[in-house]
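> Below you will find the structure I want to go over with you.
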Amino acid sequence: MIIAAAGYGKGVGVHITVGAERMTEYLPMLQGKRVALLVNQTSRIGKAHLADTLKALGTDIRVIFAPEHGFRGDADAGAHVANTTDSKTGIPVISLYGKKQKPTAEDLKDIDVVVYDIQDVGCRFYTFISTLHYLMDACAAYGKKLIVLDRPDPNGFYIDGPVQDLRYRSFVGIDALPVVYGLTPGEYAHMAKGEQWIDSAANLDLTVISCADYDHSMRYHLPVAPSPNLKNDRAIFLYPSLCFFEGTNVSVGRGTPWPFEVIGSPDAGLDSAFSFTPKSTPGATDPMNKGKLCVGYDLRHYRKDLSTEMHGVNVRYLLRMYAVAKDKAKFFSSPDFFDKLAGTDELRKQILDGKTEAEIKASWQPALKAYKEMRQKYLLYKDSK
């Protein structure tokens, strides 16, 4: 059982049962089957890992697939994750991050059922959703049943940001979703199949084991950090707004104790008392602006229950940091990657053109309206919108 607040700011304890805990719903589908898992360190039933639990129950697990950050979740963002063997279970582990993003026919030839169980954060450029997309492609192509064990979306109480322009499709933006899309992994899977975003969608045998006692109004506390640089609820909440900076020369605090809770740049012309110097740390071995004094903003004071300033996807700090950049020509240090994160080149052009926050957010609304209407078809849980 996981405890969440029933509505942000209310502080009412509600017990949520995640899909993995509803074992009577999916264990019969695994009995006598050859099973593959796509899991990481968040794939837990209480304090036990799903792989360990299923193996102890006699499930025939043939292979474990690992997403970005690896099976145990300790690799840097973007780092190559090698194939290996899990030392505890002896099960082969195949990486689906890097050059290989989708299981092959060879990987699945001796598999009957694939189980997906990963805690997501409901943000389009967080790559677990892209890994699930490619897994669905493979299961549809090779005739394998897919079971998604659902988990709550900690950012599932709102929808915001530019909708992906498929001309800028990449592993950090694979489907026509807004930055914050308001879906659990199970709801996303139904949408990707229903909208035929995956190849041979009609052929996919998909089962979603939903959560019990969850709805989209809840502020969900993650019991396990989903990746090395999203260490707490505040970072997970700020992530959709701050990740754009990864395409600029502004640090988001990787290489400090506060990743995605602070921002700063050596090039910022700010009279600010707040500064930090990124250094090599576990999960951030070569961070942006390593060894350089960065001046910027400390966002650790923002409350988890949505301060007015940070409601929704916030571009205010993008505009502020661009405005104070000493060399604006170097602000977008990786414009192509910035556009991939945004899902469009429009946001970068709007910043260069001096558009206001209100003008930028207004430009998102027509596509968001269409997305919200389509999304209603795939909801498994009561909506807060």
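In the structure tokens, chains take letters A, B, ... by order of appearance, with residues numbered from 1 within each chain and ligands from 1 in the order shown.
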At a cut-off of 8 Å, using only C-alpha atoms, what residues contact A:Gly269? Leave out same-chain residues fewer than 5 positions from it and give the result as a compact mmCIF listing (two decimals) with N, CA and C atoms, in the first residue's frame.

# COMPACT_ATOMS: atom_id res chain seq x y z
N VAL A 324 19.02 37.56 -18.63
CA VAL A 324 20.24 37.97 -17.91
C VAL A 324 21.50 37.32 -18.47
N ALA A 325 21.37 36.52 -19.54
CA ALA A 325 22.55 35.89 -20.14
C ALA A 325 23.47 36.96 -20.71
N LYS A 326 24.75 36.90 -20.35
CA LYS A 326 25.71 37.88 -20.85
C LYS A 326 25.95 37.71 -22.35
> Leaving out A:Val208 and any residue of its chain fewer than 2 positions from it, which residues lie within 12 Å of it when counting only C-alpha atoms, given as a ChimeraX atom specification?
/A:18-20,22,25-26,114-117,145-151,184-191,205-206,210-211,378-380
> Within 10 Å of stretch 338-349 of chain A, which residues of stretch 244-328 of chain A show up? Give each one with its shortest atom-to-atom distance in Å (one decimal) and the two atoms involved, counting only C-alpha atoms, rows by chain then rising residue number, as JSON lines.

{"residue": "A:Phe244", "atom": "CA", "partner": "A:Leu341", "partner_atom": "CA", "distance": 6.2}
{"residue": "A:Phe245", "atom": "CA", "partner": "A:Phe338", "partner_atom": "CA", "distance": 7.7}
{"residue": "A:Glu246", "atom": "CA", "partner": "A:Phe338", "partner_atom": "CA", "distance": 7.1}
{"residue": "A:Gly247", "atom": "CA", "partner": "A:Phe338", "partner_atom": "CA", "distance": 4.2}
{"residue": "A:Thr248", "atom": "CA", "partner": "A:Phe338", "partner_atom": "CA", "distance": 7.1}
{"residue": "A:Val315", "atom": "CA", "partner": "A:Leu347", "partner_atom": "CA", "distance": 9.5}
{"residue": "A:Leu318", "atom": "CA", "partner": "A:Arg348", "partner_atom": "CA", "distance": 9.9}
> Quick one: DSSP alpha helix (DSSP H) residues in stretch 43-228 of chain A, as an MDAnalysis selection string?
chainID A and resid 50:56 105:108 128:142 185:194
> Excluding A:Tyr97 and its own-chain neighbours fewer than 4 positions away, which residues fall within 6 Å of it when counting only C-alpha atoms? Please give them as an mmCIF file with C-alpha atoms, in the first residue's frame.

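selection_11.cif, written as the output of this step:
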data_model
loop_
_atom_site.group_PDB
_atom_site.id
_atom_site.type_symbol
_atom_site.label_atom_id
_atom_site.label_comp_id
_atom_site.auth_asym_id
_atom_site.auth_seq_id
_atom_site.Cartn_x
_atom_site.Cartn_y
_atom_site.Cartn_z
ATOM 1 C CA PRO A 67 15.438 1.117 -19.363
ATOM 2 C CA GLU A 68 17.526 4.306 -19.034
ATOM 3 C CA GLN A 101 15.780 0.654 -27.843
#
> Let me make sure I understand: among A:Ser280, A:Thr256, A:Ser170, A:Ser251, which one has the smallest atom-to-atom distance to A:Ser333 if we use only C-alpha atoms?
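Of A:Ser280, A:Thr256, A:Ser170, A:Ser251, the one nearest A:Ser333 is A:Ser251, counting only C-alpha atoms.
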> Report, in Å with one decimal, the straight-line distance from atom CA of A:Tyr214 to atom CA of A:Arg375.
17.5 Å
> Would you mind telling me which residue in A:Arg316, A:Lys55, A:Lys330, A:Lys88 lies nearest to A:Leu27 when using only C-alpha atoms?
A:Lys55
> Name all residues at most 7 Å from A:Pro226 (count only C-alpha atoms; drop same-chain ones fewer than 2 positions away) and give them as JSON, numbers by chain.
{"A": [42, 119, 224, 230]}
> Near A:Ile263, counting only C-alpha atoms, which residues have an atom at most 10 Å away, once you skip same-chain residues fewer than 3 positions from it, shown as a list in words?
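Everything that qualifies: Leu242, Phe245, Val250, Ser251, Val252, Gly253, Arg254, Trp258, Pro259, Phe260, Phe274, Ser275, Phe276, Cys294, Val295, Gly296, Tyr297, Asp298, Leu299, Tyr317, Leu318 and Met321 of chain A.
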> So that I can check the surroundings of stretch 107-112 of chain A, please list as a PDB file with C-alpha atoms, in the first residue's frame every protein, DNA and RNA residue that reaches within 7 Å of it, counting only C-alpha atoms and ignoring chain neighbours fewer than 4 positions away.

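Written file, around.pdb:
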ATOM      1  CA  LYS A  33       4.385 -19.131 -19.229  1.00  0.00           C
ATOM      2  CA  ARG A  34       7.860 -17.978 -20.182  1.00  0.00           C
ATOM      3  CA  VAL A  35       8.079 -14.449 -18.857  1.00  0.00           C
ATOM      4  CA  ALA A  36      10.126 -11.326 -19.594  1.00  0.00           C
ATOM      5  CA  PRO A 103      13.469  -5.904 -28.091  1.00  0.00           C
ATOM      6  CA  LYS A 144       3.662 -11.526 -27.319  1.00  0.00           C
ATOM      7  CA  LYS A 145       1.158 -10.705 -24.613  1.00  0.00           C
TER       8      LYS A 145
END
> Record the distance separating atom CA of A:Arg169 and atom CA of A:Tyr181, expressed in Å with one decimal.
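Separating atom CA of A:Arg169 from atom CA of A:Tyr181 is a distance of 16.1 Å.
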> Just list the residues in stretch 165-250 of chain A DSSP gives strand (DSSP E or B) on the backbone, as a list of chain:residue names.
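These are the residues in question: A:Ser170, A:Gly173, A:Pro178, A:Val179, A:Val180, A:Leu206, A:Thr207, A:Val208, A:Ile209, A:Ala212, A:Arg219, A:Tyr220, A:Ser227, A:Leu230.
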> Keeping C-alpha atoms for every residue in the selection just given, could you write it to a file as a PDB file, in the first residue's frame?

ATOM      1  CA  SER A 170      12.973  11.562 -30.815  1.00  0.00           C
ATOM      2  CA  GLY A 173       9.453  12.873 -27.442  1.00  0.00           C
ATOM      3  CA  PRO A 178       2.063  17.538 -24.273  1.00  0.00           C
ATOM      4  CA  VAL A 179       5.041  17.883 -21.925  1.00  0.00           C
ATOM      5  CA  VAL A 180       2.816  16.954 -18.963  1.00  0.00           C
ATOM      6  CA  LEU A 206      -2.620  -5.733 -23.922  1.00  0.00           C
ATOM      7  CA  THR A 207      -3.764  -6.092 -20.314  1.00  0.00           C
ATOM      8  CA  VAL A 208      -3.461  -3.272 -17.781  1.00  0.00           C
ATOM      9  CA  ILE A 209      -3.644  -4.112 -14.076  1.00  0.00           C
ATOM     10  CA  ALA A 212      -6.997   0.671  -6.652  1.00  0.00           C
ATOM     11  CA  ARG A 219      -0.568  14.181  -5.006  1.00  0.00           C
ATOM     12  CA  TYR A 220       1.367  10.935  -5.017  1.00  0.00           C
ATOM     13  CA  SER A 227      16.127   8.080 -11.294  1.00  0.00           C
ATOM     14  CA  LEU A 230      14.947  13.087  -9.212  1.00  0.00           C
TER      15      LEU A 230
END
> Using only C-alpha atoms for the distances, tell me which of A:Ala51, A:Met288, A:Leu57, A:Ala105 is nearest to A:Ala141.
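Selected residue with least distance to A:Ala141: A:Ala105.
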